[in-house]
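**Student:** Structure file coords07.pdb (PDB, C-alpha atoms) right here:
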ATOM      1  CA  MET A 978     124.245 155.121 -24.559  1.00  0.00           C
ATOM      2  CA  THR A 979     120.602 154.558 -23.707  1.00  0.00           C
ATOM      3  CA  ALA A 980     119.297 151.011 -23.545  1.00  0.00           C
ATOM      4  CA  THR A 981     115.759 149.689 -23.068  1.00  0.00           C
ATOM      5  CA  TYR A 982     115.251 146.185 -21.656  1.00  0.00           C
ATOM      6  CA  ASP A 983     112.347 143.778 -21.257  1.00  0.00           C
ATOM      7  CA  ILE A 984     112.350 143.244 -17.489  1.00  0.00           C
ATOM      8  CA  ALA A 985     110.851 139.749 -17.658  1.00  0.00           C
ATOM      9  CA  SER A 986     113.407 138.306 -20.092  1.00  0.00           C
ATOM     10  CA  GLY A 987     116.325 140.686 -19.586  1.00  0.00           C
ATOM     11  CA  LYS A 988     116.580 141.035 -23.383  1.00  0.00           C
ATOM     12  CA  GLN A 989     117.569 144.425 -24.763  1.00  0.00           C
ATOM     13  CA  VAL A 990     114.660 145.665 -26.892  1.00  0.00           C
ATOM     14  CA  GLY A 991     115.938 149.088 -27.931  1.00  0.00           C
ATOM     15  CA  GLY A 992     118.297 151.922 -27.302  1.00  0.00           C
ATOM     16  CA  SER A 993     120.167 154.907 -28.680  1.00  0.00           C
ATOM     17  CA  SER A 994     123.843 155.675 -28.875  1.00  0.00           C
ATOM     18  CA  LYS A 995     123.174 159.333 -29.718  1.00  0.00           C
ATOM     19  CA  TYR A 996     120.684 160.411 -27.024  1.00  0.00           C
ATOM     20  CA  SER A 997     120.306 159.581 -23.374  1.00  0.00           C
ATOM     21  CA  TYR A 998     117.851 160.291 -20.609  1.00  0.00           C
ATOM     22  CA  GLU A 999     118.640 161.321 -17.070  1.00  0.00           C
ATOM     23  CA  ASP A1000     115.166 160.971 -15.599  1.00  0.00           C
ATOM     24  CA  SER A1001     113.518 157.653 -14.837  1.00  0.00           C
ATOM     25  CA  PRO A1002     112.418 155.944 -18.070  1.00  0.00           C
ATOM     26  CA  ALA A1003     108.970 155.682 -16.475  1.00  0.00           C
ATOM     27  CA  ASP A1004     108.689 159.489 -16.397  1.00  0.00           C
ATOM     28  CA  THR A1005     106.226 161.002 -18.835  1.00  0.00           C
ATOM     29  CA  VAL A1006     106.594 164.449 -17.238  1.00  0.00           C
ATOM     30  CA  ASN A1007     109.990 166.146 -17.478  1.00  0.00           C
ATOM     31  CA  THR A1008     111.084 167.026 -13.946  1.00  0.00           C
ATOM     32  CA  GLU A1009     114.836 167.347 -14.535  1.00  0.00           C
ATOM     33  CA  GLY A1010     114.947 169.402 -17.730  1.00  0.00           C
ATOM     34  CA  SER A1011     116.396 166.563 -19.751  1.00  0.00           C
ATOM     35  CA  SER A1012     114.024 163.938 -21.176  1.00  0.00           C
ATOM     36  CA  VAL A1013     110.455 162.671 -21.437  1.00  0.00           C
ATOM     37  CA  PHE A1014     108.630 159.671 -22.980  1.00  0.00           C
ATOM     38  CA  THR A1015     105.232 159.000 -24.514  1.00  0.00           C
ATOM     39  CA  PRO A1016     103.155 156.833 -22.161  1.00  0.00           C
ATOM     40  CA  ASP A1017     103.636 153.820 -24.467  1.00  0.00           C
ATOM     41  CA  HIS A1018     107.379 154.571 -24.827  1.00  0.00           C
ATOM     42  CA  SER A1019     107.133 154.723 -28.623  1.00  0.00           C
ATOM     43  CA  LEU A1020     108.807 158.164 -28.600  1.00  0.00           C
ATOM     44  CA  ALA A1021     111.306 159.906 -26.362  1.00  0.00           C
ATOM     45  CA  ALA A1022     112.414 163.533 -26.353  1.00  0.00           C
ATOM     46  CA  ALA A1023     115.613 164.894 -24.876  1.00  0.00           C
ATOM     47  CA  HIS A1024     116.909 168.387 -24.292  1.00  0.00           C
ATOM     48  CA  THR A1025     120.128 168.869 -26.296  1.00  0.00           C
ATOM     49  CA  GLU A1026     122.498 171.785 -26.920  1.00  0.00           C
ATOM     50  CA  GLN A1027     120.407 172.758 -29.976  1.00  0.00           C
ATOM     51  CA  GLY A1028     117.009 172.305 -28.282  1.00  0.00           C
ATOM     52  CA  THR A1029     114.923 169.147 -28.491  1.00  0.00           C
ATOM     53  CA  ALA A1030     115.576 165.847 -30.240  1.00  0.00           C
ATOM     54  CA  VAL A1031     112.926 163.120 -30.600  1.00  0.00           C
ATOM     55  CA  TRP A1032     113.752 159.462 -31.175  1.00  0.00           C
ATOM     56  CA  GLN A1033     112.191 155.997 -31.045  1.00  0.00           C
ATOM     57  CA  PRO A1034     113.549 154.108 -28.009  1.00  0.00           C
ATOM     58  CA  ALA A1035     112.759 150.729 -29.598  1.00  0.00           C
ATOM     59  CA  ASP A1036     115.355 151.092 -32.354  1.00  0.00           C
ATOM     60  CA  GLY A1037     117.208 154.314 -31.468  1.00  0.00           C
ATOM     61  CA  LYS A1038     116.134 155.957 -34.733  1.00  0.00           C
ATOM     62  CA  GLU A1039     116.059 159.757 -34.637  1.00  0.00           C
ATOM     63  CA  VAL A1040     112.655 161.145 -35.650  1.00  0.00           C
ATOM     64  CA  TRP A1041     113.770 164.796 -35.683  1.00  0.00           C
ATOM     65  CA  ALA A1042     116.141 167.169 -33.933  1.00  0.00           C
ATOM     66  CA  GLN A1043     116.260 170.927 -33.697  1.00  0.00           C
ATOM     67  CA  LYS A1044     119.048 172.570 -35.654  1.00  0.00           C
ATOM     68  CA  GLU A1045     121.258 175.558 -34.991  1.00  0.00           C
ATOM     69  CA  GLY A1046     119.305 178.770 -35.520  1.00  0.00           C
ATOM     70  CA  GLU A1047     115.951 177.355 -34.407  1.00  0.00           C
ATOM     71  CA  LYS A1048     114.474 178.627 -31.149  1.00  0.00           C
ATOM     72  CA  ALA A1049     115.463 175.907 -28.669  1.00  0.00           C
ATOM     73  CA  MET A1050     112.565 174.099 -27.016  1.00  0.00           C
ATOM     74  CA  GLN A1051     112.781 172.258 -23.718  1.00  0.00           C
ATOM     75  CA  PRO A1052     110.518 169.162 -23.743  1.00  0.00           C
ATOM     76  CA  LEU A1053     108.037 168.961 -20.858  1.00  0.00           C
ATOM     77  CA  ARG A1054     105.624 166.108 -21.568  1.00  0.00           C
ATOM     78  CA  PHE A1055     103.984 163.996 -24.251  1.00  0.00           C
ATOM     79  CA  SER A1056     100.305 163.222 -24.689  1.00  0.00           C
ATOM     80  CA  PRO A1057      99.353 159.583 -25.399  1.00  0.00           C
ATOM     81  CA  ASN A1058      98.938 160.437 -29.094  1.00  0.00           C
ATOM     82  CA  GLY A1059     102.451 161.897 -29.445  1.00  0.00           C
ATOM     83  CA  ILE A1060     101.886 165.626 -28.967  1.00  0.00           C
ATOM     84  CA  LEU A1061     104.974 167.081 -27.324  1.00  0.00           C
ATOM     85  CA  TYR A1062     104.486 170.029 -24.984  1.00  0.00           C
ATOM     86  CA  GLY A1063     107.487 172.215 -24.278  1.00  0.00           C
ATOM     87  CA  ASN A1064     108.713 175.708 -23.700  1.00  0.00           C
ATOM     88  CA  THR A1065     111.104 178.179 -25.255  1.00  0.00           C
ATOM     89  CA  LYS A1066     112.784 181.177 -23.678  1.00  0.00           C
ATOM     90  CA  ASP A1067     114.713 184.173 -25.011  1.00  0.00           C
ATOM     91  CA  GLY A1068     117.029 185.770 -22.493  1.00  0.00           C
ATOM     92  CA  PHE A1069     115.027 187.410 -19.731  1.00  0.00           C
ATOM     93  CA  SER A1070     111.659 187.204 -21.503  1.00  0.00           C
ATOM     94  CA  PRO A1071     108.982 184.890 -20.060  1.00  0.00           C
ATOM     95  CA  SER A1072     108.833 181.300 -21.271  1.00  0.00           C
ATOM     96  CA  MET A1073     106.516 180.547 -24.182  1.00  0.00           C
ATOM     97  CA  PHE A1074     104.693 177.213 -24.013  1.00  0.00           C
ATOM     98  CA  LEU A1075     103.838 175.307 -27.164  1.00  0.00           C
ATOM     99  CA  ALA A1076     102.534 172.014 -28.554  1.00  0.00           C
ATOM    100  CA  VAL A1077     104.438 170.219 -31.327  1.00  0.00           C
ATOM    101  CA  ASP A1078     103.607 167.046 -33.238  1.00  0.00           C
ATOM    102  CA  GLY A1079     106.208 164.628 -31.874  1.00  0.00           C
ATOM    103  CA  ARG A1080     106.444 162.761 -35.178  1.00  0.00           C
ATOM    104  CA  THR A1081     106.676 165.694 -37.627  1.00  0.00           C
ATOM    105  CA  LYS A1082     107.951 168.678 -35.565  1.00  0.00           C
ATOM    106  CA  LYS A1083     104.961 170.709 -36.791  1.00  0.00           C
ATOM    107  CA  VAL A1084     104.010 173.432 -34.292  1.00  0.00           C
ATOM    108  CA  LEU A1085     100.352 172.864 -33.410  1.00  0.00           C
ATOM    109  CA  ALA A1086      99.882 175.659 -30.868  1.00  0.00           C
ATOM    110  CA  LYS A1087     102.066 178.335 -29.313  1.00  0.00           C
ATOM    111  CA  SER A1088     101.767 180.962 -26.623  1.00  0.00           C
ATOM    112  CA  LEU A1089      99.792 178.491 -24.509  1.00  0.00           C
ATOM    113  CA  PRO A1090      99.160 179.564 -20.901  1.00  0.00           C
ATOM    114  CA  GLU A1091     101.364 177.406 -18.668  1.00  0.00           C
ATOM    115  CA  GLU A1092      98.396 176.401 -16.532  1.00  0.00           C
ATOM    116  CA  ASN A1093      96.663 175.006 -19.638  1.00  0.00           C
ATOM    117  CA  ILE A1094      99.407 172.496 -20.453  1.00  0.00           C
ATOM    118  CA  PRO A1095      97.609 169.239 -19.650  1.00  0.00           C
ATOM    119  CA  LEU A1096      98.840 166.350 -17.568  1.00  0.00           C
ATOM    120  CA  PHE A1097      97.955 162.834 -18.729  1.00  0.00           C
ATOM    121  CA  SER A1098      96.935 159.769 -16.756  1.00  0.00           C
ATOM    122  CA  GLN A1099      99.005 156.787 -17.883  1.00  0.00           C
ATOM    123  CA  PRO A1100      96.384 154.120 -17.169  1.00  0.00           C
ATOM    124  CA  SER A1101      93.461 155.920 -18.865  1.00  0.00           C
ATOM    125  CA  GLY A1102      95.244 158.150 -21.384  1.00  0.00           C
ATOM    126  CA  TYR A1103      92.943 161.010 -20.409  1.00  0.00           C
ATOM    127  CA  GLY A1104      94.313 164.515 -20.082  1.00  0.00           C
ATOM    128  CA  TYR A1105      93.375 166.914 -17.326  1.00  0.00           C
ATOM    129  CA  ILE A1106      93.904 170.520 -16.343  1.00  0.00           C
ATOM    130  CA  SER A1107      92.837 172.507 -13.329  1.00  0.00           C
ATOM    131  CA  THR A1108      92.056 176.206 -13.743  1.00  0.00           C
ATOM    132  CA  GLN A1109      90.276 178.880 -11.757  1.00  0.00           C
ATOM    133  CA  LYS A1110      87.151 177.951 -13.727  1.00  0.00           C
ATOM    134  CA  GLY A1111      87.228 174.257 -12.801  1.00  0.00           C
ATOM    135  CA  PHE A1112      88.812 170.858 -13.292  1.00  0.00           C
ATOM    136  CA  PHE A1113      88.615 169.508 -16.846  1.00  0.00           C
ATOM    137  CA  VAL A1114      89.185 165.921 -18.041  1.00  0.00           C
ATOM    138  CA  PHE A1115      89.290 164.946 -21.718  1.00  0.00           C
ATOM    139  CA  PRO A1116      90.462 162.087 -23.972  1.00  0.00           C
ATOM    140  CA  ALA A1117      93.626 162.560 -26.016  1.00  0.00           C
ATOM    141  CA  GLN A1118      92.695 162.855 -29.684  1.00  0.00           C
ATOM    142  CA  GLY A1119      93.976 160.015 -31.858  1.00  0.00           C
TER     143      GLY A1119
END
Would you kindly transcribe this structure into structure tokens?

**Tutor:**
Amino acid sequence: MTATYDIASGKQVGGSSKYSYEDSPADTVNTEGSSVFTPDHSLAAAHTEQGTAVWQPADGKEVWAQKEGEKAMQPLRFSPNGILYGNTKDGFSPSMFLAVDGRTKKVLAKSLPEENIPLFSQPSGYGYISTQKGFFVFPAQG
């Protein structure tokens, strides 16, 4: 059971009986291989036996979940506009990094270089990456 509470009032404002998260609910970068949230907490993604499942923490409603036979994705991070970055792996082959629309499960980009998976600043919503060619900052597209 996952529950979300308003700290000021103590009132439960959401949750899920199907999915849980092991990381801090403040995490927007997956450090434990289990779950990640959009910066505004409108979506959450968890690593399951089948791959990734996305749900709305406010009401616990499942948005989508990977099914048996799909290449399992491990969620890594969300952008402020709901793009989910993750990776897949087959046996001993290298991980493949991809971007998926967190609301529709549509694959937006695949075979992304790991170093080009952006991080996002929670206060500003801007994304940033650092490469050998420089440090790049950009707004998340809405």

**Student:** Check which residues satisfy the PyMOL selection byres ((chain A and resi 1103) around 9) in the file shown, then give them as a PyMOL selection string.

**Tutor:** chain A and resi 1056-1057+1096-1102+1104-1105+1114-1117

**Student:** Just the number, please: distance in Å from CA of Gly1028 (chain A) to CA of Met1050 (chain A), one decimal.

**Tutor:** 5.0 Å

**Student:** Grab the CA of Lys1038 (chain A) to CA of Phe1014 (chain A) distance for me, in Å with one decimal place.

**Tutor:**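 These two atoms are separated by 14.4 Å.
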
**Student:** In Å, with one decimal, what is the gap from CA of Asn1064 (chain A) to CA of Thr1029 (chain A)?

**Tutor:**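 A separation of 10.2 Å between them.
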
**Student:** Edge lengths and centre in Å to one decimal, as AutoDock Vina command-line options, of the axis-aligned box that encloses all listed atoms of region 1091-1107 of chain A with 6 Å added on every side?

**Tutor:**
--center_x 97.1 --center_y 165.8 --center_z -17.4 --size_x 20.5 --size_y 35.3 --size_z 20.1

**Student:** Select, counting all atoms listed in the file, all protein, DNA and RNA residues no farther than 7 Å from (115.4, 159.3, -29.6) in file coordinates, and express the selection as a list of chain:residue names.

**Tutor:**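 Nearby residues: A:Ser993, A:Tyr996, A:Leu1020, A:Ala1021, A:Ala1022, A:Ala1030, A:Val1031, A:Trp1032, A:Gln1033, A:Pro1034, A:Gly1037, A:Lys1038, A:Glu1039, A:Val1040.
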
**Student:** Which residues are close to Ala1076 (chain A), i.e. within 8 Å by only C-alpha atoms, leaving aside same-chain residues fewer than 5 positions away? Reply as a list in words.

**Tutor:** Ile1060, Leu1061, Tyr1062, Gly1063, Val1084, Leu1085, Ala1086 and Lys1087 of chain A

**Student:** Expanded to explicit residues, what is the PyMOL selection byres ((chain A and resi 1044-1048) around 8) for this file, as a list in words?

**Tutor:**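 On the file shown, the PyMOL selection byres ((chain A and resi 1044-1048) around 8) covers Gln1027, Gly1028, Ala1042, Gln1043, Ala1049, Met1050 and Thr1065 of chain A.
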
**Student:** With all atoms listed in the file as the atoms that count, which of A:Trp1041, A:Asn1093, A:Thr1025, A:Asp1017 lies nearest to Val1077 (chain A)?

**Tutor:** A:Trp1041

**Student:** Can you work out which one of A:Lys1066, A:Ala985, A:Ser1019, A:Ile1094 has the shortest atom-to-atom distance to Arg1080 (chain A), counting all atoms listed in the file?

**Tutor:** A:Ser1019

**Student:** Rank A:Gly1111, A:Gly1068, A:Pro1090, A:Gly1079 by their smallest atom-to-atom distance to Ala1023 (chain A), using all atoms listed in the file, and report the top residue only.

**Tutor:**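 Distance minimum relative to Ala1023 (chain A) lands on A:Gly1079.
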
**Student:** Missing atoms in region 1083-1097 of chain A should be modelled up to N, CA and C atoms and reported as a PDB file, in the coordinates of the input.

**Tutor:**
ATOM      1  N   LYS A1083     105.872 169.623 -36.442  1.00  0.00           N
ATOM      2  CA  LYS A1083     104.961 170.709 -36.791  1.00  0.00           C
ATOM      3  C   LYS A1083     104.449 171.361 -35.509  1.00  0.00           C
ATOM      4  N   VAL A1084     104.538 172.701 -35.446  1.00  0.00           N
ATOM      5  CA  VAL A1084     104.010 173.432 -34.292  1.00  0.00           C
ATOM      6  C   VAL A1084     102.491 173.465 -34.413  1.00  0.00           C
ATOM      7  N   LEU A1085     101.812 172.932 -33.402  1.00  0.00           N
ATOM      8  CA  LEU A1085     100.352 172.864 -33.410  1.00  0.00           C
ATOM      9  C   LEU A1085      99.719 174.030 -32.669  1.00  0.00           C
ATOM     10  N   ALA A1086     100.386 174.521 -31.644  1.00  0.00           N
ATOM     11  CA  ALA A1086      99.882 175.659 -30.868  1.00  0.00           C
ATOM     12  C   ALA A1086     101.061 176.314 -30.170  1.00  0.00           C
ATOM     13  N   LYS A1087     101.018 177.640 -30.047  1.00  0.00           N
ATOM     14  CA  LYS A1087     102.066 178.335 -29.313  1.00  0.00           C
ATOM     15  C   LYS A1087     101.438 179.424 -28.464  1.00  0.00           C
ATOM     16  N   SER A1088     102.225 179.963 -27.587  1.00  0.00           N
ATOM     17  CA  SER A1088     101.767 180.962 -26.623  1.00  0.00           C
ATOM     18  C   SER A1088     100.660 180.397 -25.739  1.00  0.00           C
ATOM     19  N   LEU A1089     100.770 179.118 -25.395  1.00  0.00           N
ATOM     20  CA  LEU A1089      99.792 178.491 -24.509  1.00  0.00           C
ATOM     21  C   LEU A1089     100.027 178.968 -23.079  1.00  0.00           C
ATOM     22  N   PRO A1090      98.961 179.250 -22.320  1.00  0.00           N
ATOM     23  CA  PRO A1090      99.160 179.564 -20.901  1.00  0.00           C
ATOM     24  C   PRO A1090      99.726 178.326 -20.189  1.00  0.00           C
ATOM     25  N   GLU A1091     100.715 178.531 -19.349  1.00  0.00           N
ATOM     26  CA  GLU A1091     101.364 177.406 -18.668  1.00  0.00           C
ATOM     27  C   GLU A1091     100.358 176.543 -17.917  1.00  0.00           C
ATOM     28  N   GLU A1092      99.371 177.164 -17.312  1.00  0.00           N
ATOM     29  CA  GLU A1092      98.396 176.401 -16.532  1.00  0.00           C
ATOM     30  C   GLU A1092      97.466 175.571 -17.416  1.00  0.00           C
ATOM     31  N   ASN A1093      97.501 175.791 -18.723  1.00  0.00           N
ATOM     32  CA  ASN A1093      96.663 175.006 -19.638  1.00  0.00           C
ATOM     33  C   ASN A1093      97.430 173.902 -20.350  1.00  0.00           C
ATOM     34  N   ILE A1094      98.668 173.638 -19.924  1.00  0.00           N
ATOM     35  CA  ILE A1094      99.407 172.496 -20.453  1.00  0.00           C
ATOM     36  C   ILE A1094      98.907 171.265 -19.696  1.00  0.00           C
ATOM     37  N   PRO A1095      98.230 170.345 -20.378  1.00  0.00           N
ATOM     38  CA  PRO A1095      97.609 169.239 -19.650  1.00  0.00           C
ATOM     39  C   PRO A1095      98.599 168.218 -19.112  1.00  0.00           C
ATOM     40  N   LEU A1096      98.183 167.555 -18.063  1.00  0.00           N
ATOM     41  CA  LEU A1096      98.840 166.350 -17.568  1.00  0.00           C
ATOM     42  C   LEU A1096      98.038 165.175 -18.109  1.00  0.00           C
ATOM     43  N   PHE A1097      98.646 163.996 -18.188  1.00  0.00           N
ATOM     44  CA  PHE A1097      97.955 162.834 -18.729  1.00  0.00           C
ATOM     45  C   PHE A1097      98.075 161.666 -17.777  1.00  0.00           C
TER      46      PHE A1097
END
